[in-house]
Structure formats: C-alpha cells, structure tokens
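Asker: Here you go, one structure.
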Number of protein chains: 4
Amino acid sequence: MTTHSPSFKTPELDFAFEARVDIAPSEHVGHAGGPVLGFTPITGGTVRGPRLNGEVVDGGGDWAVDRPGVAVDLDARYLIRADDGALIDVVNRGFWVASPEVDAAAESGERVDPARYYFRTQPVFRTDAPEHTWLTHTVFVGMAYDDADLRQIRIEFFEVR
Amino acid sequence: MTTHSPSFKTPELDFAFEARVDIAPSEHVGHAGGPVLGFTPITGGTVRGPRLNGEVVDGGGDWAVDRPGVAVDLDARYLIRADDGALIDVVNRGFWVASPEVDAAAESGERVDPARYYFRTQPVFRTDAPEHTWLTHTVFVGMAYDDADLRQIRIEFFEVR
Amino acid sequence: MTTHSPSFKTPELDFAFEARVDIAPSEHVGHAGGPVLGFTPITGGTVRGPRLNGEVVDGGGDWAVDRPGVAVDLDARYLIRADDGALIDVVNRGFWVASPEVDAAAESGERVDPARYYFRTQPVFRTDAPEHTWLTHTVFVGMAYDDADLRQIRIEFFEVR
Amino acid sequence: MTTHSPSFKTPELDFAFEARVDIAPSEHVGHAGGPVLGFTPITGGTVRGPRLNGEVVDGGGDWAVDRPGVAVDLDARYLIRADDGALIDVVNRGFWVASPEVDAAAESGERVDPARYYFRTQPVFRTDAPEHTWLTHTVFVGMAYDDADLRQIRIEFFEVR
C-alpha cells in the first residue's frame with residue numbers, strides 16, 4: 001500500500017577542496033586471529049580548493065584493516081592547518097576495493113588507472129574556527145586516488161548539499 | 001605550479017533502497033560537562049528498493065549528541081533482516097541541522113518541510129551474506145526525512161559509484 | 001640510567017555494582033572477508049550494588065566480533081535506568097577468551113565454571129544525572145560471568161580508585 | 001530474593017610494563033557547539049617492564065575532549081615497536097580529572113603531585129606478533145602520570161588477571 005519510491009531527487013554534490021596527502025611506506029601491524037591491520041604514516045601535504053586551503057599536518061596516519069578478497073577498510077586520522085591558522089581534525093573512513101592484480105600493482109608502487117579501483121571515503125571534521133564550522137555539520141563524499149609517482153594520496157571532497 | 005582542480009568528474013549517486021524506521025519517543029541521557037546525549041529507540045520498520053528489501057529489526061536506536069546552535073550528531077545502530085533472511089548490521093552516523101524554530105516544530109511532532117532542515121548520513125554496513133556483501137565495501141549517502149505523522153524516520157540510501 | 005620500575009602501588013579496585021543482563025539468543029551477522037560479527041539482543045535485567053541500583057532497559061545488545069583461536073571482542077551497548085529515574089548509557093567493550101571445548105559448552109547453553117574462561121570488560125558510562133556523574137569520569141573493570149541457567153550475563157563493575 | 005553480592009573476589013592486577021611517552025605542546029582544535037577538542041602530538045618514548053620492552057613510535061597523539069568541571073576524555077592513538085621488531089597498535093582511552101587549580105598548574109608546565117589528580121586509562125592493543133598476542137585479548141588498567149619536567153606522560157599498564 002505504501003510506496004517506497006524515492007520522494008526526493010538525487011542529492012547534489014559540490015566540489016569543496018582537494019587534499020594531497022604525503023605518505024610514508026605502510027607497515028604491518030596485524031591483529032591476532034582477526035583481519036590484518038596496517039599503518040600508513042602521514043607526513044604532510046596540501047589542501048586546495050574553493051572552500052578550504054591549508055596544509056596537512058605531519059603526524060597521524062591511516063589505520064587500514066584488510067578484508068581479503070573484499071576490501072580494505074580505511075581509518076585515516078590527521079589534522080589540517082588552514083591558511084588562516086585554524087586547526088581542523090579529520091577522521092576519514094572508507095574503502096579500497098580492487099582486484100588482486102591491481103592490489104599488487106599498487107603495492108609495487110606502480111601508478112594505476114583510478115578506473116580500475118574503488119577508493120571512496122566518508123570524512124568527518126572537527127573544529128571551532130567560525131570560518132570552518134560548516135565542515136563539522138556537513139556530510140561529504142571523498143573520491144580518492146593513489147598518486148604512486150608522488151607517494152601521495154589525493155582526495156577530492158564533495159559536499160552533499 | 002601544481003594545479004588542484006578536480007581531475008575527476010563529480011561522483012555519481014544511484015538510489016539503492018529506502019528504510020522507513022519506526023521510532024519511540026526520545027529520552028534524555030545527557031553527559032556531565034559535555035554535550036547532551038539523547039536516545040531514540042528503534043522499534044521496527046521496512047526496507048524497500050531496487051537493491052535491498054527487508055525489515056528493520058526491533059531494537060537498537062539512535063545515540064544522538066546535541067551541539068547547540070550547530071547540529072545534532074547522529075549515531076544510529078540497528079539491524080536489517082533482508083527478505084532472504086540475511087541479517088545486516090547498520091551503523092548510520094550523520095547530522096541534523098535546523099533553525100531553533102524548525103527544531104521546536106519537529107520536537108512537538110509537527111511535520112516539517114524537509115527543505116527546512118539538513119538531515120544526511122554516512123552509513124556503514126556489515127554482513128557476510130554473499131548477496132549483500134557489496135553493501136560492506138560501498139560508500140553510501142543517506143538522505144533522511146522526519147515523517148512525524150507516522151513516527152518514522154525515512155532514509156533514502158544512495159550508492160556512491 | 002632511567003629506571004622503569006613502577007613508582008606507584010598497584011591500583012585499588014572497589015566493588016561498585018553488579019548488572020544481571022537478560023539476553024536473547026545470538027544471531028549470526030558476519031562481515032564479508034573479515035571476522036564474524038554476531039549480535040546478542042539485550043532484553044532487560046537488574047542492577048544492584050552499593051553505588052548503583054536500577055534496571056537494564058530492554059533494547060541494545062552486544063555486537064561481538066570473533067577472532068578465532070584468540071578471543072571474541074565484545075561491544076555491548078545498552079541503557080540502565082537507575083532507581084531514581086536517571087538514564088545511564090553504557091558502552092561495554094571487552095574480551096571473551098576460552099578453549100574450543102569451553103566455547104562449545106557455553107554455546108550449547110551449559111553452565112561453565114568461570115575459572116575456565118576469561119571474560120573481562122572496559123565499560124564507559126554517559127549521563128548528566130548529578131547523582132551518577134562520577135560514573136562518567138571513572139575507569140572501571142568489568143568481571144563478567146555467563147549465567148547460562150538464567151540466560152543472563154552477570155557483570156561485576158569495579159571502580160579503579 | 002536474588003542476592004547481588006559479588007560472587008567473585010576482587011580482580012587481581014599485575015604490573016606489565018610502563019610507557020614513557022614524549023609529547024609536544026597541545027594545540028586547540030575545538031568542536032563547534034560541542035566540547036573542545038585538543039590535540040597533543042606524540043613524538044617518541046620508551047616502553048620498559050617485565051612483559052614488554054620497546055619504543056614509542058614518533059607520530060599519533062592524544063585527541064582529548066574537555067568536559068569542563070567534570071573531566072577531560074582522552075583518546076590516545078600511537079604505535080609501540082617492541083625490541084623484537086613487532087609493531088603494536090595502541091588505542092588508549094581514559095580520563096583526566098582534577099580541580100581547576102591543579103589543571104592550571106599542569107597546563108603551566110608545573111610538576112603536580114599525582115595524588116592531586118585522577119589520570120586512568122583503558123588501553124586496547126592490536127598486533128599479530130605471536131609473542132605479543134596476549135595483549136590483544138587482555139583487559140588492562142593504565143595508571144598515568146604527567147611528568148612535566150620531562151615533557152612525558154608516564155603510563156603504568158596493569159593486566160587484569
């Protein structure tokens with residue numbers, strides 16, 4: 001009787017900014033009896049875009065958990081220092097999904113066509129700098145790319161309107 | 001020298017399914033010295049759409065934290081039982097953002113035009129039912145609506161392609 | 001040159017209260033490619049002791065993740081309603097560690113001598129009821145027992161002084 | 001009718017190891033409308049004791065949330081590299097509770113008698129190095145001290161038997 005067709009149109013996404021996150025080589029941590037935890041240190045980077053400009057603070061990293069044959073669950077935590085000096089905390093969870101061939105190529109440092117993997121995130125931001133408060137109550141989608149040549153992860157953040 | 005314009009086009013979103021979540025009245029929990037925690041029990045509901053059909057299991061709820069004047073941070077946890085019997089765990093974090101007037105109207109049980117609030121979520125799913133595995137490695141955006149007449153929260157889940 | 005012997009004496013633990021948590025049968029959820037998630041619904045219970053008395057609210061449950069051969073990681077979330085009416089949120093993480101034989105006995109509903117398993121937790125409480133605020137800034141240790149005859153989990157909470 | 005007296009004796013605690021964590025000055029992040037988030041970078045340190053020896057890896061930090069007049073909620077995340085080369089992930093949540101006078105003294109870099117504050121934690125460890133697997137299924141209590149003279153936090157970890 002009730003209809004469950006979507007009542008509202010597809011959400012609109014607006015490009016907000018891009019982060020280029022410098023990373024150091026990943027290290028194996030593991031988790032006894034459970035999925036393998038890996039840690040990728042974050043060493044710096046830049047943030048540029050219409051809504052936010054600044055730098056990625058050295059420190060933090062990505063605590064990634066492997067689910068073999070399915071996905072790697074990402075859990076990146078770091079800080080952005082905006083050009084106006086404000087400090088913004090980032091928790092960026094998401095997924096890396098690729099075939100074993102693509103995984104092997106990426107791990108060997110090869111640059112892989114982004115069309116060959118699925119690398120998306122659900123970021124959450126914290127800050128009380130008035131200029132940037134909107135980040136803390138907005139849902140974003142992160143479209144991420146592995147820029148192997150530069151040892152960078154690039155993430156384009158889109159605001160869900 | 002480096003350009004930071006987005007290299008890839010805006011992500012595409014596909015409607016996957018809608019959940020109609022039945023709720024009981026919210027209760028005040030609080031958190032000493034910190035933001036107020038409220039709990040809204042989840043008592044059932046339905047899931048319908050091109051990618052998933054089933055029911056919301058009675059139990060769980062939304063652990064919501066109020067940041068006055070800014071947003072309510074949502075943290076809903078519950079289970080979906082798919083029509084094929086599979087059990088799917090949902091953790092659905094997000095934001096409710098509205099003016100004090102809209103907040104007051106919504107709290108009094110009035111139906112409010114969804115254009116007057118921002119109610120979006122970042123769901124994460126867990127299951128090992130092969131049919132539904134894709135949910136566990138896909139980023140979604142939840143567009144939520146307060147269907148006060150029916151004591152339901154409606155959430156339309158869009159897959160980020 | 002520096003010495004790393006403990007400078008302070010072993011922490012003292014004080015018994016605060018016991019929760020007897022009624023549970024329904026666990027259900028398999030799983031997590032594709034990762035460790036198996038199980039869900040155990042919580043249906044009620046009682047809380048008694050020198051520092052807190054009340055009841056366990058029907059709803060919530062334990063989201064438990066299996067690491068075969070090592071431990072089950074527990075993540076229980078529920079509410080306590082104190083005798084004075086205050087609502088207290090509980091997040092109770094911990095471990096169940098036992099041999100395969102003990103696991104099998106416990107799963108079959110047999111009562112097992114608690115000396116044969118390790119079942120300990122790290123609870124966190126939230127509330128703003130002044131009488132119970134101390135719970136929100138105190139570290140506790142939970143000593144848990146599977147009271148299979150009564151379909152109850154018993155947890156004795158000890159305050160770390 | 002039922003008695004709720006504790007059936008089992010007070011848990012025993014065994015000293016396992018001490019971490020001396022080097023920290024850089026804390027920075028204000030905030031969280032709009034909510035409690036203030038602060039970040040304290042972790043820059044290194046040592047781990048010594050009967051059960052674990054190694055070093056604290058530079059990186060990570062403590063994401064601390066202030067609940068004024070009640071407590072500071074701590075959420076430290078970092079890595080330990082054991083002397084045998086194994087990498088161990090640490091998530092160490094806990095509380096700092098002190099009077100405004102003690103808070104002011106500690107913030108000014110003064111060494112404060114540990115009897116004047118409550119600084120306790122609930123650590124969780126992840127690793128798959130066989131030698132250290134026991135850390136991943138054991139509940140610990142952390143007794144922490146602010147060693148202001150050395151810009152170190154000292155944490156004594158006690159195993160809950």
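Here's how to read the names in the structure tokens: chain A, B, ... by the order shown, residue numbers from 1 in each chain, ligand numbers from 1 in the order shown.
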Show me, as a PDB file with C-alpha atoms, in the first residue's frame, the residues of chain C whose atoms get within 8 Å of chain B, using only C-alpha atoms for the distance check.

Answerer:
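Final output, part-v2.pdb:
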ATOM      1  CA  HIS C  28      24.992 -14.500  13.018  1.00  0.00           C
ATOM      2  CA  VAL C  29      25.645 -11.322  11.030  1.00  0.00           C
ATOM      3  CA  GLY C  30      29.150 -11.878   9.696  1.00  0.00           C
ATOM      4  CA  HIS C  31      31.366  -9.411   7.863  1.00  0.00           C
ATOM      5  CA  ALA C  32      32.456 -10.273   4.338  1.00  0.00           C
ATOM      6  CA  GLY C  33      36.164 -11.115   4.171  1.00  0.00           C
ATOM      7  CA  VAL C  36      32.389 -12.823  12.021  1.00  0.00           C
ATOM      8  CA  LEU C  37      30.071 -10.326  13.689  1.00  0.00           C
ATOM      9  CA  PRO C  41      19.937  -8.784  21.917  1.00  0.00           C
ATOM     10  CA  GLY C  59      16.928  -2.856  23.750  1.00  0.00           C
ATOM     11  CA  GLY C  60      20.510  -2.588  22.661  1.00  0.00           C
ATOM     12  CA  GLY C  61      22.735  -5.643  22.607  1.00  0.00           C
ATOM     13  CA  ALA C  86      18.075   8.712  35.689  1.00  0.00           C
ATOM     14  CA  LEU C  87      19.041   7.154  32.356  1.00  0.00           C
ATOM     15  CA  ILE C  88      22.662   5.995  32.039  1.00  0.00           C
ATOM     16  CA  ASP C  89      24.235   4.950  28.742  1.00  0.00           C
ATOM     17  CA  ARG C 126      27.352   8.614  29.998  1.00  0.00           C
ATOM     18  CA  THR C 127      24.709  10.535  31.951  1.00  0.00           C
ATOM     19  CA  ASP C 128      24.200  14.006  33.352  1.00  0.00           C
ATOM     20  CA  ALA C 129      22.205  12.994  36.418  1.00  0.00           C
ATOM     21  CA  PRO C 130      24.255  14.672  39.175  1.00  0.00           C
ATOM     22  CA  THR C 133      28.093  11.874  37.219  1.00  0.00           C
ATOM     23  CA  THR C 136      31.327   9.330  33.557  1.00  0.00           C
TER      24      THR C 136
END

Asker: Residues of range 15-154 of chain C classed as strand (DSSP E) by DSSP on the backbone are to be reported as a PyMOL selection string.

Answerer: chain C and resi 15-23+27-28+37-48+54-56+61-67+71-82+87-98+117-126+140-147+152-154

Asker: Near Arg120 in chain B, counting only C-alpha atoms, which residues have an atom at most 6 Å away, once you skip same-chain residues fewer than 4 positions from it, shown as a list in words?

Answerer: Gly94, Phe95, Gly142, Met143 and Ala144 of chain B

Asker: Write to file, as an mmCIF file, in the first residue's frame, the residues of the selection just made, with C-alpha atoms.

Answerer:
data_model
loop_
_atom_site.group_PDB
_atom_site.id
_atom_site.type_symbol
_atom_site.label_atom_id
_atom_site.label_comp_id
_atom_site.auth_asym_id
_atom_site.auth_seq_id
_atom_site.Cartn_x
_atom_site.Cartn_y
_atom_site.Cartn_z
ATOM 1 C CA GLY B 94 25.129 11.810 10.357
ATOM 2 C CA PHE B 95 23.821 15.284 11.105
ATOM 3 C CA GLY B 142 21.768 8.751 3.375
ATOM 4 C CA MET B 143 19.118 11.409 2.703
ATOM 5 C CA ALA B 144 16.852 11.386 5.742
#

Asker: Compile the contact shell of Asp83 in chain B as an mmCIF file with N, CA, C and O atoms, in the first residue's frame: residues with an atom at most 9 Å away, counting only C-alpha atoms, same-chain residues fewer than 6 positions apart removed.

Answerer:
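Generated output (part_26.cif):
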data_model
loop_
_atom_site.group_PDB
_atom_site.id
_atom_site.type_symbol
_atom_site.label_atom_id
_atom_site.label_comp_id
_atom_site.auth_asym_id
_atom_site.auth_seq_id
_atom_site.Cartn_x
_atom_site.Cartn_y
_atom_site.Cartn_z
ATOM 1 N N LEU B 52 17.727 -3.634 -2.154
ATOM 2 C CA LEU B 52 17.552 -4.318 -0.867
ATOM 3 C C LEU B 52 16.109 -4.206 -0.407
ATOM 4 O O LEU B 52 15.506 -3.128 -0.485
ATOM 5 N N ASN B 53 15.571 -5.351 0.054
ATOM 6 C CA ASN B 53 14.227 -5.372 0.630
ATOM 7 C C ASN B 53 14.272 -6.207 1.897
ATOM 8 O O ASN B 53 14.911 -7.255 1.941
ATOM 9 N N GLY B 54 13.574 -5.729 2.921
ATOM 10 C CA GLY B 54 13.567 -6.460 4.179
ATOM 11 C C GLY B 54 12.856 -5.648 5.238
ATOM 12 O O GLY B 54 12.043 -4.768 4.936
ATOM 13 N N GLU B 55 13.209 -5.952 6.498
ATOM 14 C CA GLU B 55 12.590 -5.225 7.598
ATOM 15 C C GLU B 55 13.652 -4.765 8.580
ATOM 16 O O GLU B 55 14.727 -5.354 8.688
#

Asker: Residues near Ile155 in chain C, anyone? I mean within 10 Å using only C-alpha atoms, not counting same-chain ones fewer than 3 positions away, as a PyMOL selection string.

Answerer: (chain C and resi 17-21+47+119-121+141-146+152+158) or (chain D and resi 6)

Asker: With N, CA, C and O atoms retained, export the selected residues as an mmCIF file, in the first residue's frame.

Answerer:
data_model
loop_
_atom_site.group_PDB
_atom_site.id
_atom_site.type_symbol
_atom_site.label_atom_id
_atom_site.label_comp_id
_atom_site.auth_asym_id
_atom_site.auth_seq_id
_atom_site.Cartn_x
_atom_site.Cartn_y
_atom_site.Cartn_z
ATOM 1 N N PHE C 17 28.941 -2.151 41.651
ATOM 2 C CA PHE C 17 27.595 -2.711 41.451
ATOM 3 C C PHE C 17 27.702 -3.907 40.528
ATOM 4 O O PHE C 17 28.735 -4.122 39.876
ATOM 5 N N GLU C 18 26.616 -4.671 40.486
ATOM 6 C CA GLU C 18 26.538 -5.819 39.593
ATOM 7 C C GLU C 18 25.350 -5.641 38.668
ATOM 8 O O GLU C 18 24.262 -5.252 39.111
ATOM 9 N N ALA C 19 25.553 -5.928 37.374
ATOM 10 C CA ALA C 19 24.435 -5.942 36.422
ATOM 11 C C ALA C 19 24.139 -7.392 36.054
ATOM 12 O O ALA C 19 25.068 -8.179 35.806
ATOM 13 N N ARG C 20 22.863 -7.748 36.071
ATOM 14 C CA ARG C 20 22.436 -9.056 35.561
ATOM 15 C C ARG C 20 21.631 -8.778 34.305
ATOM 16 O O ARG C 20 20.500 -8.287 34.360
ATOM 17 N N VAL C 21 22.237 -9.061 33.172
ATOM 18 C CA VAL C 21 21.711 -8.637 31.881
ATOM 19 C C VAL C 21 21.041 -9.828 31.198
ATOM 20 O O VAL C 21 21.694 -10.837 30.908
ATOM 21 N N VAL C 47 20.205 -4.093 38.121
ATOM 22 C CA VAL C 47 21.488 -3.567 38.588
ATOM 23 C C VAL C 47 21.382 -3.376 40.099
ATOM 24 O O VAL C 47 20.458 -2.712 40.572
ATOM 25 N N PHE C 119 36.695 -13.365 30.883
ATOM 26 C CA PHE C 119 35.543 -12.589 30.389
ATOM 27 C C PHE C 119 35.587 -11.267 31.160
ATOM 28 O O PHE C 119 35.084 -11.171 32.283
ATOM 29 N N ARG C 120 36.253 -10.280 30.580
ATOM 30 C CA ARG C 120 36.526 -9.019 31.265
ATOM 31 C C ARG C 120 36.138 -7.863 30.353
ATOM 32 O O ARG C 120 36.230 -7.989 29.123
ATOM 33 N N THR C 121 35.788 -6.728 30.934
ATOM 34 C CA THR C 121 35.327 -5.597 30.119
ATOM 35 C C THR C 121 35.882 -4.266 30.614
ATOM 36 O O THR C 121 36.370 -4.160 31.743
ATOM 37 N N VAL C 141 36.630 -1.715 35.822
ATOM 38 C CA VAL C 141 36.910 -3.035 35.263
ATOM 39 C C VAL C 141 35.646 -3.867 35.453
ATOM 40 O O VAL C 141 35.072 -3.875 36.544
ATOM 41 N N GLY C 142 35.199 -4.527 34.388
ATOM 42 C CA GLY C 142 34.044 -5.414 34.492
ATOM 43 C C GLY C 142 34.485 -6.869 34.520
ATOM 44 O O GLY C 142 35.230 -7.304 33.641
ATOM 45 N N MET C 143 34.049 -7.577 35.552
ATOM 46 C CA MET C 143 34.309 -9.018 35.653
ATOM 47 C C MET C 143 32.994 -9.705 35.296
ATOM 48 O O MET C 143 32.004 -9.572 36.025
ATOM 49 N N ALA C 144 33.000 -10.446 34.189
ATOM 50 C CA ALA C 144 31.723 -10.949 33.665
ATOM 51 C C ALA C 144 31.646 -12.466 33.765
ATOM 52 O O ALA C 144 32.663 -13.173 33.740
ATOM 53 N N TYR C 145 30.413 -12.943 33.848
ATOM 54 C CA TYR C 145 30.137 -14.365 34.013
ATOM 55 C C TYR C 145 28.921 -14.721 33.183
ATOM 56 O O TYR C 145 27.969 -13.948 33.094
ATOM 57 N N ASP C 146 28.968 -15.876 32.591
ATOM 58 C CA ASP C 146 27.864 -16.346 31.749
ATOM 59 C C ASP C 146 26.976 -17.249 32.600
ATOM 60 O O ASP C 146 27.348 -18.382 32.888
ATOM 61 N N GLN C 152 21.429 -15.217 31.466
ATOM 62 C CA GLN C 152 21.891 -13.909 31.907
ATOM 63 C C GLN C 152 23.408 -13.822 31.799
ATOM 64 O O GLN C 152 24.104 -14.821 31.989
ATOM 65 N N PHE C 158 33.942 -2.914 38.960
ATOM 66 C CA PHE C 158 34.870 -2.458 39.994
ATOM 67 C C PHE C 158 35.459 -1.111 39.576
ATOM 68 O O PHE C 158 36.000 -0.969 38.473
ATOM 69 N N PRO D 6 28.813 -9.537 45.340
ATOM 70 C CA PRO D 6 29.787 -10.044 44.380
ATOM 71 C C PRO D 6 30.172 -11.478 44.727
ATOM 72 O O PRO D 6 30.500 -11.781 45.870
#

Asker: Between CA of Gly85 in chain B and CA of Glu131 in chain B, what is the distance in Å, rounded to a tenth?

Answerer: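 Value for the CA of Gly85 in chain B-CA of Glu131 in chain B distance: 10.9 Å.
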
Asker: Please report, as a PyMOL selection string, each residue of range 6-161 of chain D to which DSSP assigns alpha helix (DSSP H) when run on this structure's backbone.

Answerer: chain D and resi 100-107

Asker: Select, from C:Glu159, C:Ala98, C:Gly45, C:Thr10, the residue with the minimum atom-to-atom distance to Arg67 in chain C, counting only C-alpha atoms.

Answerer: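 Under the stated criterion, the closest residue is C:Ala98.
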
Asker: Find the residues around Asp149 in chain B up to 12 Å (only C-alpha atoms counted), leave out those fewer than 6 positions away in its own chain, and share them as a VMD selection string.

Answerer: chain B and resid 22 to 23 106 108 to 112

Asker: Do you know which residues are at most 8 Å from Val72 in chain C counting only C-alpha atoms, after dropping those on the same chain fewer than 5 positions away, and could you put them as a ChimeraX atom specification?

Answerer: /C:64-67,95-97

Asker: I'd like the interatomic distance between CA of Phe140 in chain C and CA of Pro123 in chain C, to a tenth of an Å.

Answerer: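 Calculated distance between CA of Phe140 in chain C and CA of Pro123 in chain C is 6.2 Å.
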